[in-house]
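Chemist: Coordinates in upload33.pdb, PDB, C-alpha atoms, pLDDT in the B column, are listed below.
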```pdb
ATOM      1  CA  GLY A   1      22.335  -9.349  -6.404  1.00 50.00           C
ATOM      2  CA  SER A   2      19.929 -12.232  -5.905  1.00 54.00           C
ATOM      3  CA  SER A   3      16.257 -11.944  -5.039  1.00 63.00           C
ATOM      4  CA  LEU A   4      13.834 -13.899  -2.844  1.00 63.00           C
ATOM      5  CA  THR A   5      10.050 -13.642  -2.994  1.00 67.00           C
ATOM      6  CA  ILE A   6       7.709 -15.009  -0.303  1.00 67.00           C
ATOM      7  CA  ASP A   7       4.037 -15.019  -1.321  1.00 67.00           C
ATOM      8  CA  THR A   8       1.461 -16.430   1.107  1.00 58.00           C
ATOM      9  CA  GLU A   9      -1.569 -16.239  -1.191  1.00 54.00           C
ATOM     10  CA  GLN A  10      -3.315 -19.600  -0.901  1.00 50.00           C
ATOM     11  CA  GLY A  11      -4.923 -21.247  -3.896  1.00 50.00           C
ATOM     12  CA  GLY A  12      -8.184 -20.332  -5.554  1.00 46.00           C
ATOM     13  CA  ASP A  13      -9.720 -18.450  -2.630  1.00 49.00           C
ATOM     14  CA  GLU A  14      -6.863 -15.924  -2.782  1.00 52.00           C
ATOM     15  CA  SER A  15      -6.645 -15.688   1.012  1.00 52.00           C
ATOM     16  CA  ALA A  16      -3.237 -15.076   2.527  1.00 50.00           C
ATOM     17  CA  GLY A  17      -1.322 -16.209   5.582  1.00 57.00           C
ATOM     18  CA  ALA A  18       0.874 -14.149   7.883  1.00 68.00           C
ATOM     19  CA  ILE A  19       4.615 -13.526   7.589  1.00 68.00           C
ATOM     20  CA  ASP A  20       6.691 -12.946  10.735  1.00 69.00           C
ATOM     21  CA  PHE A  21      10.420 -12.129  10.583  1.00 64.00           C
ATOM     22  CA  SER A  22      11.874 -11.592  14.050  1.00 60.00           C
ATOM     23  CA  SER A  23      15.521 -10.931  14.941  1.00 48.00           C
ATOM     24  CA  SER A  24      16.509 -11.869  11.400  1.00 50.00           C
ATOM     25  CA  HIS A  25      20.230 -11.214  11.008  1.00 46.00           C
ATOM     26  CA  VAL A  26      21.140 -11.482   7.337  1.00 46.00           C
ATOM     27  CA  ALA A  27      23.550 -14.343   6.735  1.00 44.00           C
ATOM     28  CA  ALA A  28      26.705 -13.750   4.731  1.00 42.00           C
ATOM     29  CA  SER A  29      25.217 -15.723   1.840  1.00 44.00           C
ATOM     30  CA  ALA A  30      22.298 -13.256   1.711  1.00 50.00           C
ATOM     31  CA  VAL A  31      24.367 -10.095   1.437  1.00 52.00           C
ATOM     32  CA  GLY A  32      22.935  -7.981  -1.386  1.00 61.00           C
ATOM     33  CA  LEU A  33      19.712 -10.023  -1.438  1.00 70.00           C
ATOM     34  CA  SER A  34      16.515  -8.271  -2.529  1.00 79.00           C
ATOM     35  CA  LEU A  35      13.638  -9.584  -0.384  1.00 78.00           C
ATOM     36  CA  SER A  36       9.977  -9.328  -1.398  1.00 82.00           C
ATOM     37  CA  LEU A  37       7.165 -10.263   1.015  1.00 79.00           C
ATOM     38  CA  ASP A  38       3.585 -10.513  -0.243  1.00 79.00           C
ATOM     39  CA  ALA A  39       0.573 -11.281   1.964  1.00 76.00           C
ATOM     40  CA  SER A  40      -2.042  -9.583  -0.197  1.00 68.00           C
ATOM     41  CA  GLY A  41      -5.255 -11.275  -1.246  1.00 64.00           C
ATOM     42  CA  SER A  42      -9.017 -11.124  -0.849  1.00 58.00           C
ATOM     43  CA  THR A  43      -8.433 -12.132   2.781  1.00 63.00           C
ATOM     44  CA  ALA A  44      -5.123 -10.534   3.625  1.00 64.00           C
ATOM     45  CA  GLY A  45      -2.485 -11.642   6.069  1.00 75.00           C
ATOM     46  CA  ASN A  46      -0.295  -9.474   8.290  1.00 83.00           C
ATOM     47  CA  ILE A  47       3.447  -8.935   7.921  1.00 80.00           C
ATOM     48  CA  SER A  48       5.732  -8.333  10.909  1.00 82.00           C
ATOM     49  CA  LEU A  49       9.457  -7.564  10.751  1.00 77.00           C
ATOM     50  CA  ALA A  50      11.779  -6.981  13.679  1.00 73.00           C
ATOM     51  CA  ASP A  51      15.544  -6.444  13.788  1.00 70.00           C
ATOM     52  CA  VAL A  52      16.414  -7.244  10.177  1.00 69.00           C
ATOM     53  CA  ARG A  53      20.030  -6.211   9.734  1.00 63.00           C
ATOM     54  CA  ASP A  54      23.571  -7.368   8.973  1.00 55.00           C
ATOM     55  CA  GLY A  55      24.902 -10.866   9.549  1.00 48.00           C
ATOM     56  CA  ASP A  56      27.340 -10.279  12.401  1.00 49.00           C
ATOM     57  CA  GLY A  57      25.517  -7.558  14.342  1.00 50.00           C
ATOM     58  CA  SER A  58      28.172  -4.934  13.635  1.00 53.00           C
ATOM     59  CA  GLY A  59      25.755  -2.598  11.883  1.00 50.00           C
ATOM     60  CA  THR A  60      27.748  -2.640   8.657  1.00 49.00           C
ATOM     61  CA  ALA A  61      25.459  -1.559   5.816  1.00 44.00           C
ATOM     62  CA  GLU A  62      27.414  -3.523   3.206  1.00 44.00           C
ATOM     63  CA  GLU A  63      26.323  -6.741   4.932  1.00 47.00           C
ATOM     64  CA  ALA A  64      22.597  -6.004   4.898  1.00 60.00           C
ATOM     65  CA  LEU A  65      19.673  -6.679   2.565  1.00 68.00           C
ATOM     66  CA  LEU A  66      19.867  -4.682  -0.648  1.00 71.00           C
ATOM     67  CA  ASN A  67      16.144  -4.004  -1.150  1.00 81.00           C
ATOM     68  CA  LEU A  68      13.054  -4.806   0.906  1.00 84.00           C
ATOM     69  CA  THR A  69       9.580  -4.769  -0.651  1.00 86.00           C
ATOM     70  CA  ILE A  70       6.341  -5.511   1.230  1.00 86.00           C
ATOM     71  CA  ASN A  71       2.985  -5.903  -0.499  1.00 83.00           C
ATOM     72  CA  ASN A  72       0.170  -6.506   1.951  1.00 72.00           C
ATOM     73  CA  SER A  73      -3.432  -5.316   2.065  1.00 68.00           C
ATOM     74  CA  ASN A  74      -3.807  -5.579   5.858  1.00 84.00           C
ATOM     75  CA  THR A  75      -1.229  -4.544   8.519  1.00 89.00           C
ATOM     76  CA  ALA A  76       2.554  -4.239   8.177  1.00 89.00           C
ATOM     77  CA  THR A  77       4.366  -3.921  11.514  1.00 90.00           C
ATOM     78  CA  LEU A  78       8.026  -2.848  11.542  1.00 89.00           C
ATOM     79  CA  ALA A  79       9.920  -3.017  14.835  1.00 85.00           C
ATOM     80  CA  GLY A  80      13.479  -2.858  16.047  1.00 83.00           C
ATOM     81  CA  GLN A  81      16.414  -2.042  13.765  1.00 84.00           C
ATOM     82  CA  ILE A  82      15.902  -2.499  10.018  1.00 85.00           C
ATOM     83  CA  ASP A  83      18.981  -1.491   7.996  1.00 83.00           C
ATOM     84  CA  LEU A  84      19.383  -1.801   4.245  1.00 83.00           C
ATOM     85  CA  ALA A  85      22.628  -2.090   2.302  1.00 80.00           C
ATOM     86  CA  THR A  86      24.169   0.863   0.497  1.00 82.00           C
ATOM     87  CA  ASN A  87      21.799   2.089  -2.260  1.00 87.00           C
ATOM     88  CA  GLY A  88      19.074  -0.357  -1.143  1.00 87.00           C
ATOM     89  CA  SER A  89      15.490   0.928  -0.857  1.00 92.00           C
ATOM     90  CA  LEU A  90      12.416   0.114   1.228  1.00 92.00           C
ATOM     91  CA  SER A  91       8.906  -0.004  -0.249  1.00 94.00           C
ATOM     92  CA  VAL A  92       5.865  -0.951   1.857  1.00 93.00           C
ATOM     93  CA  GLN A  93       2.238  -1.119   0.723  1.00 91.00           C
ATOM     94  CA  ALA A  94      -0.445  -2.057   3.260  1.00 91.00           C
ATOM     95  CA  ALA A  95      -3.756  -0.849   4.651  1.00 92.00           C
ATOM     96  CA  THR A  96      -1.946   0.158   7.842  1.00 94.00           C
ATOM     97  CA  ILE A  97       1.784   0.548   8.483  1.00 95.00           C
ATOM     98  CA  SER A  98       3.090   0.766  12.041  1.00 94.00           C
ATOM     99  CA  LEU A  99       6.554   1.460  13.434  1.00 94.00           C
ATOM    100  CA  SER A 100       5.316   0.010  16.645  1.00 89.00           C
ATOM    101  CA  THR A 101       8.004   0.566  19.302  1.00 89.00           C
ATOM    102  CA  ALA A 102      10.410   3.254  20.491  1.00 91.00           C
ATOM    103  CA  ASN A 103      13.341   1.335  19.004  1.00 88.00           C
ATOM    104  CA  SER A 104      11.740   0.930  15.572  1.00 91.00           C
ATOM    105  CA  ASP A 105      14.509   2.441  13.445  1.00 92.00           C
ATOM    106  CA  ILE A 106      14.522   2.072   9.650  1.00 92.00           C
ATOM    107  CA  THR A 107      17.638   3.234   7.837  1.00 91.00           C
ATOM    108  CA  THR A 108      18.642   3.353   4.182  1.00 91.00           C
ATOM    109  CA  ASN A 109      22.122   4.242   2.972  1.00 89.00           C
ATOM    110  CA  GLY A 110      23.619   5.805  -0.147  1.00 91.00           C
ATOM    111  CA  THR A 111      20.888   6.515  -2.685  1.00 94.00           C
ATOM    112  CA  GLY A 112      18.356   4.245  -0.972  1.00 93.00           C
ATOM    113  CA  THR A 113      14.842   5.656  -0.626  1.00 96.00           C
ATOM    114  CA  ILE A 114      11.887   4.932   1.664  1.00 97.00           C
ATOM    115  CA  GLU A 115       8.321   4.766   0.356  1.00 97.00           C
ATOM    116  CA  LEU A 116       5.391   3.913   2.643  1.00 97.00           C
ATOM    117  CA  THR A 117       1.838   3.670   1.262  1.00 96.00           C
ATOM    118  CA  ALA A 118      -1.063   2.853   3.600  1.00 95.00           C
ATOM    119  CA  PRO A 119      -4.526   4.275   2.903  1.00 94.00           C
ATOM    120  CA  ALA A 120      -5.897   3.622   6.409  1.00 94.00           C
ATOM    121  CA  ALA A 121      -2.990   4.886   8.532  1.00 95.00           C
ATOM    122  CA  ILE A 122       0.763   5.248   8.981  1.00 96.00           C
ATOM    123  CA  ASN A 123       1.767   5.271  12.653  1.00 96.00           C
ATOM    124  CA  LEU A 124       5.240   6.154  13.937  1.00 97.00           C
ATOM    125  CA  ALA A 125       5.560   5.459  17.666  1.00 96.00           C
ATOM    126  CA  THR A 126       7.353   7.902  19.943  1.00 97.00           C
ATOM    127  CA  GLY A 127      11.091   7.228  19.648  1.00 97.00           C
ATOM    128  CA  SER A 128      10.834   5.474  16.272  1.00 96.00           C
ATOM    129  CA  SER A 129      12.578   6.815  13.174  1.00 97.00           C
ATOM    130  CA  LEU A 130      12.814   6.764   9.398  1.00 97.00           C
ATOM    131  CA  SER A 131      16.233   7.834   8.097  1.00 97.00           C
ATOM    132  CA  SER A 132      17.949   8.102   4.734  1.00 96.00           C
ATOM    133  CA  SER A 133      21.302   9.470   3.571  1.00 95.00           C
ATOM    134  CA  ASN A 134      19.948  12.582   1.814  1.00 97.00           C
ATOM    135  CA  SER A 135      17.523  10.504  -0.285  1.00 97.00           C
ATOM    136  CA  ALA A 136      13.762  10.790  -0.676  1.00 98.00           C
ATOM    137  CA  ILE A 137      11.298   9.604   1.961  1.00 98.00           C
ATOM    138  CA  SER A 138       7.626   9.438   0.953  1.00 98.00           C
ATOM    139  CA  LEU A 139       4.556   8.718   3.112  1.00 98.00           C
ATOM    140  CA  SER A 140       1.153   8.336   1.464  1.00 97.00           C
ATOM    141  CA  SER A 141      -1.871   7.843   3.720  1.00 96.00           C
ATOM    142  CA  ASP A 142      -5.205   9.351   4.667  1.00 95.00           C
ATOM    143  CA  THR A 143      -4.155   9.346   8.355  1.00 95.00           C
ATOM    144  CA  LEU A 144      -0.655  10.139   9.617  1.00 96.00           C
ATOM    145  CA  ASP A 145       0.276   9.764  13.294  1.00 95.00           C
ATOM    146  CA  LEU A 146       3.916  10.859  13.362  1.00 96.00           C
ATOM    147  CA  ALA A 147       5.132  10.714  16.957  1.00 96.00           C
ATOM    148  CA  GLY A 148       8.513   9.443  15.719  1.00 97.00           C
ATOM    149  CA  THR A 149      11.099  11.292  13.652  1.00 98.00           C
ATOM    150  CA  ILE A 150      11.822  11.442   9.916  1.00 98.00           C
ATOM    151  CA  ASN A 151      15.293  12.438   8.735  1.00 98.00           C
ATOM    152  CA  ALA A 152      16.115  12.717   5.034  1.00 98.00           C
ATOM    153  CA  GLY A 153      19.134  14.963   5.574  1.00 98.00           C
ATOM    154  CA  THR A 154      19.184  17.340   2.610  1.00 98.00           C
ATOM    155  CA  GLY A 155      16.764  15.113   0.695  1.00 98.00           C
ATOM    156  CA  THR A 156      13.013  15.498   0.187  1.00 98.00           C
ATOM    157  CA  VAL A 157      10.244  14.281   2.489  1.00 98.00           C
ATOM    158  CA  THR A 158       6.800  13.985   0.891  1.00 98.00           C
ATOM    159  CA  LEU A 159       3.572  13.687   2.896  1.00 97.00           C
ATOM    160  CA  LYS A 160       0.476  13.141   0.793  1.00 96.00           C
ATOM    161  CA  GLN A 161      -3.021  11.727   0.876  1.00 96.00           C
ATOM    162  CA  ALA A 162      -3.715   8.191  -0.334  1.00 95.00           C
ATOM    163  CA  THR A 163      -7.209   8.948  -1.663  1.00 95.00           C
ATOM    164  CA  ASN A 164      -7.400  11.286  -4.659  1.00 96.00           C
ATOM    165  CA  GLY A 165      -9.282  14.472  -3.842  1.00 94.00           C
ATOM    166  CA  ASN A 166      -8.749  14.335  -0.079  1.00 96.00           C
ATOM    167  CA  SER A 167      -7.670  17.674   1.340  1.00 95.00           C
ATOM    168  CA  ILE A 168      -4.721  18.424   3.637  1.00 95.00           C
ATOM    169  CA  ASP A 169      -4.886  20.490   6.832  1.00 94.00           C
ATOM    170  CA  LEU A 170      -1.523  21.816   8.014  1.00 92.00           C
ATOM    171  CA  GLY A 171      -1.522  22.616  11.725  1.00 89.00           C
ATOM    172  CA  SER A 172      -4.432  20.431  12.811  1.00 87.00           C
ATOM    173  CA  THR A 173      -3.893  18.700  16.149  1.00 85.00           C
ATOM    174  CA  VAL A 174      -6.344  15.849  15.480  1.00 85.00           C
ATOM    175  CA  ASP A 175      -6.423  12.962  13.005  1.00 86.00           C
ATOM    176  CA  THR A 176     -10.152  12.287  12.962  1.00 81.00           C
ATOM    177  CA  THR A 177     -11.646  14.467  10.221  1.00 83.00           C
ATOM    178  CA  VAL A 178     -12.981  12.293   7.408  1.00 88.00           C
ATOM    179  CA  GLY A 179     -11.512  13.096   4.009  1.00 90.00           C
ATOM    180  CA  VAL A 180      -8.720  15.271   5.423  1.00 93.00           C
ATOM    181  CA  LEU A 181      -5.053  14.414   5.926  1.00 95.00           C
ATOM    182  CA  GLU A 182      -4.124  16.294   9.099  1.00 94.00           C
ATOM    183  CA  VAL A 183      -0.511  17.178   9.931  1.00 95.00           C
ATOM    184  CA  SER A 184       0.281  19.035  13.142  1.00 94.00           C
ATOM    185  CA  ASP A 185       2.954  21.639  13.794  1.00 94.00           C
ATOM    186  CA  ALA A 186       4.652  19.233  16.221  1.00 94.00           C
ATOM    187  CA  GLU A 187       4.780  16.496  13.568  1.00 95.00           C
ATOM    188  CA  LEU A 188       6.417  18.862  11.082  1.00 95.00           C
ATOM    189  CA  ASP A 189       8.989  19.821  13.715  1.00 95.00           C
ATOM    190  CA  ARG A 190      10.065  16.164  13.912  1.00 97.00           C
ATOM    191  CA  ILE A 191      10.957  16.114  10.199  1.00 98.00           C
ATOM    192  CA  THR A 192      14.455  16.964   8.952  1.00 98.00           C
ATOM    193  CA  ALA A 193      14.721  17.523   5.197  1.00 98.00           C
ATOM    194  CA  GLY A 194      16.042  19.873   2.550  1.00 98.00           C
ATOM    195  CA  THR A 195      12.470  20.123   1.236  1.00 98.00           C
ATOM    196  CA  ILE A 196       9.106  19.018   2.649  1.00 97.00           C
ATOM    197  CA  ASN A 197       6.424  18.455   0.014  1.00 96.00           C
ATOM    198  CA  LEU A 198       2.781  18.373   1.080  1.00 95.00           C
ATOM    199  CA  GLY A 199       0.323  16.741  -1.308  1.00 94.00           C
ATOM    200  CA  ASP A 200       0.511  16.197  -5.052  1.00 94.00           C
ATOM    201  CA  THR A 201      -1.526  16.979  -8.174  1.00 94.00           C
ATOM    202  CA  ASN A 202      -4.314  14.708  -6.873  1.00 95.00           C
ATOM    203  CA  SER A 203      -4.722  16.526  -3.554  1.00 94.00           C
ATOM    204  CA  GLY A 204      -7.814  18.522  -2.712  1.00 93.00           C
ATOM    205  CA  THR A 205      -7.575  21.853  -0.910  1.00 93.00           C
ATOM    206  CA  ILE A 206      -4.426  22.404   1.144  1.00 92.00           C
ATOM    207  CA  SER A 207      -5.187  24.705   4.078  1.00 90.00           C
ATOM    208  CA  ARG A 208      -3.445  25.903   7.224  1.00 90.00           C
ATOM    209  CA  SER A 209      -5.425  25.895  10.442  1.00 82.00           C
ATOM    210  CA  GLU A 210      -2.475  26.902  12.606  1.00 62.00           C
ATOM    211  CA  GLU A 211       0.631  28.988  11.888  1.00 56.00           C
ATOM    212  CA  HIS A 212       3.711  26.771  11.683  1.00 48.00           C
ATOM    213  CA  THR A 213       6.611  27.760  13.922  1.00 51.00           C
ATOM    214  CA  SER A 214       9.995  26.078  13.653  1.00 51.00           C
TER
END
```
For the file at hand, write its structure as structure tokens.
Modeler:
Amino acid sequence: GSSLTIDTEQGGDESAGAIDFSSSHVAASAVGLSLSLDASGSTAGNISLADVRDGDGSGTAEEALLNLTINNSNTATLAGQIDLATNGSLSVQAATISLSTANSDITTNGTGTIELTAPAAINLATGSSLSSSNSAISLSSDTLDLAGTINAGTGTVTLKQATNGNSIDLGSTVDTTVGVLEVSDAELDRITAGTINLGDTNSGTISRSEEHTS
């Protein structure tokens, strides 16, 4: 498929403007398009996407964007329905990533994966969702606020720290301890996966402050 890159970095000062896609149905000519949005720079812009899906509104995955990549060192806001074509993947890198509303639903199909990386925070609003068709979903951040749901089917969901050496506290009900990625029992209960991985080889101590009950 074809690809389109939008980069808002401006000249020598390396500052960046904002990108706002709202109610962006994908035209027939864009089926299979890989879209890359970049608002990174020394002064970063924000990126907002809402309702990015197929051309005729039928919800047919074959008519959607193939891949969506966001590179942005400030805030990436994802709202409404964002569907990717069969085997298309989503990759987002920002300081903060927010699925901001109850109808913020991101879906990949086939072998498509979801990878969110945001050192400051990843926030999933109540009613929001990340879903794949048995493919991997990965969230990397030093603060996770997961009021929404994550569904990888029989695939793997990975939750890990963004800063090497930060520890992980399983069962904590707060998100305020410096240097600790805190994941509550209730947040784990909103995850559906064949396997849930916590941390990686760069994690600090992984502890459990509260017994998990399913």
Chemist: Separation of atom CA of Ala120 of chain A and atom CA of Val157 of chain A, in Å?
Modeler: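 Result for atom CA of Ala120 of chain A versus atom CA of Val157 of chain A: 19.7 Å, one decimal.
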Chemist: Taking a cut-off of 12 Å and counting all atoms listed in the file, can you build a table that, for each residue of segment 117-200 of chain A near segment 63-84 of chain A, reports the nearest atom pair and how far apart they are in Å (one decimal), sorted by chain then residue number, as a Markdown table?
Modeler:
```
| residue | atom | partner | partner_atom | distance |
| --- | --- | --- | --- | --- |
| A:Thr117 | CA | A:Asn71 | CA | 9.8 |
| A:Ala118 | CA | A:Ser73 | CA | 8.6 |
| A:Pro119 | CA | A:Ser73 | CA | 9.7 |
| A:Ala120 | CA | A:Asn74 | CA | 9.5 |
| A:Ala121 | CA | A:Thr75 | CA | 9.6 |
| A:Ile122 | CA | A:Ala76 | CA | 9.7 |
| A:Asn123 | CA | A:Thr77 | CA | 9.6 |
| A:Leu124 | CA | A:Leu78 | CA | 9.7 |
| A:Ala125 | CA | A:Ala79 | CA | 9.9 |
| A:Gly127 | CA | A:Gly80 | CA | 11.0 |
| A:Ser128 | CA | A:Ala79 | CA | 8.7 |
| A:Ser129 | CA | A:Gln81 | CA | 9.7 |
| A:Leu130 | CA | A:Ile82 | CA | 9.8 |
| A:Ser131 | CA | A:Asp83 | CA | 9.7 |
| A:Ser132 | CA | A:Leu84 | CA | 10.0 |
| A:Ser133 | CA | A:Leu84 | CA | 11.5 |
```
Chemist: Go through A:Ser104, A:Thr195, A:Ser34, A:Thr126 and flag the residue nearest Asp145 of chain A, using only C-alpha atoms for the distances.
Modeler: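 Distance minimum relative to Asp145 of chain A lands on A:Thr126.
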Chemist: Residues picked by the PyMOL selection byres ((chain A and resi 175-185) around 10) here, as a PyMOL selection string?
Modeler: chain A and resi 121+140-146+159-174+186-190+198-199+203-214
Chemist: Report, in Å to a single decimal, how far apart atom CA of Ser138 of chain A and atom CA of Ser89 of chain A are.
Modeler: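 The value is 11.7 Å.
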Chemist: Just so the selection is clear, what residues does the PyMOL selection byres ((chain A and resi 137) around 7) cover here, as a PDB file with C-alpha atoms, in the coordinates of the input?
Modeler:
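Below is the file that was written, out-v1.pdb:
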```pdb
ATOM      1  CA  THR A 113      14.842   5.656  -0.626  1.00 96.00           C
ATOM      2  CA  ILE A 114      11.887   4.932   1.664  1.00 97.00           C
ATOM      3  CA  GLU A 115       8.321   4.766   0.356  1.00 97.00           C
ATOM      4  CA  SER A 135      17.523  10.504  -0.285  1.00 97.00           C
ATOM      5  CA  ALA A 136      13.762  10.790  -0.676  1.00 98.00           C
ATOM      6  CA  SER A 138       7.626   9.438   0.953  1.00 98.00           C
ATOM      7  CA  LEU A 139       4.556   8.718   3.112  1.00 98.00           C
ATOM      8  CA  ALA A 152      16.115  12.717   5.034  1.00 98.00           C
ATOM      9  CA  THR A 156      13.013  15.498   0.187  1.00 98.00           C
ATOM     10  CA  VAL A 157      10.244  14.281   2.489  1.00 98.00           C
ATOM     11  CA  THR A 158       6.800  13.985   0.891  1.00 98.00           C
TER      12      THR A 158
END
```
Chemist: Quick check, in Å to one decimal: how far apart do atom CA of Gly155 of chain A and atom CA of Thr192 of chain A lie?
Modeler: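 For atom CA of Gly155 of chain A relative to atom CA of Thr192 of chain A, the distance reads 8.8 Å.
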Chemist: Box in all listed atoms of segment 194-203 of chain A, axis-aligned, with 6 Å more on each side; write out centre and edge lengths in Å to one decimal as AutoDock Vina command-line options.
Modeler:
```
--center_x 5.7 --center_y 17.4 --center_z -2.8 --size_x 32.8 --size_y 17.4 --size_z 22.8
```
Chemist: Between A:Thr149, A:Thr201, A:Asn46, A:Thr154, single out the one closest to Ala102 of chain A, counting all atoms listed in the file.
Modeler: A:Thr149
Chemist: Taking all atoms listed in the file into account, name the residue in A:Leu116, A:Val92, A:Leu37, A:Ala193 that is nearest to Asn151 of chain A.
Modeler: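 Going through A:Leu116, A:Val92, A:Leu37, A:Ala193 one by one, the smallest distance to Asn151 of chain A is for A:Ala193.
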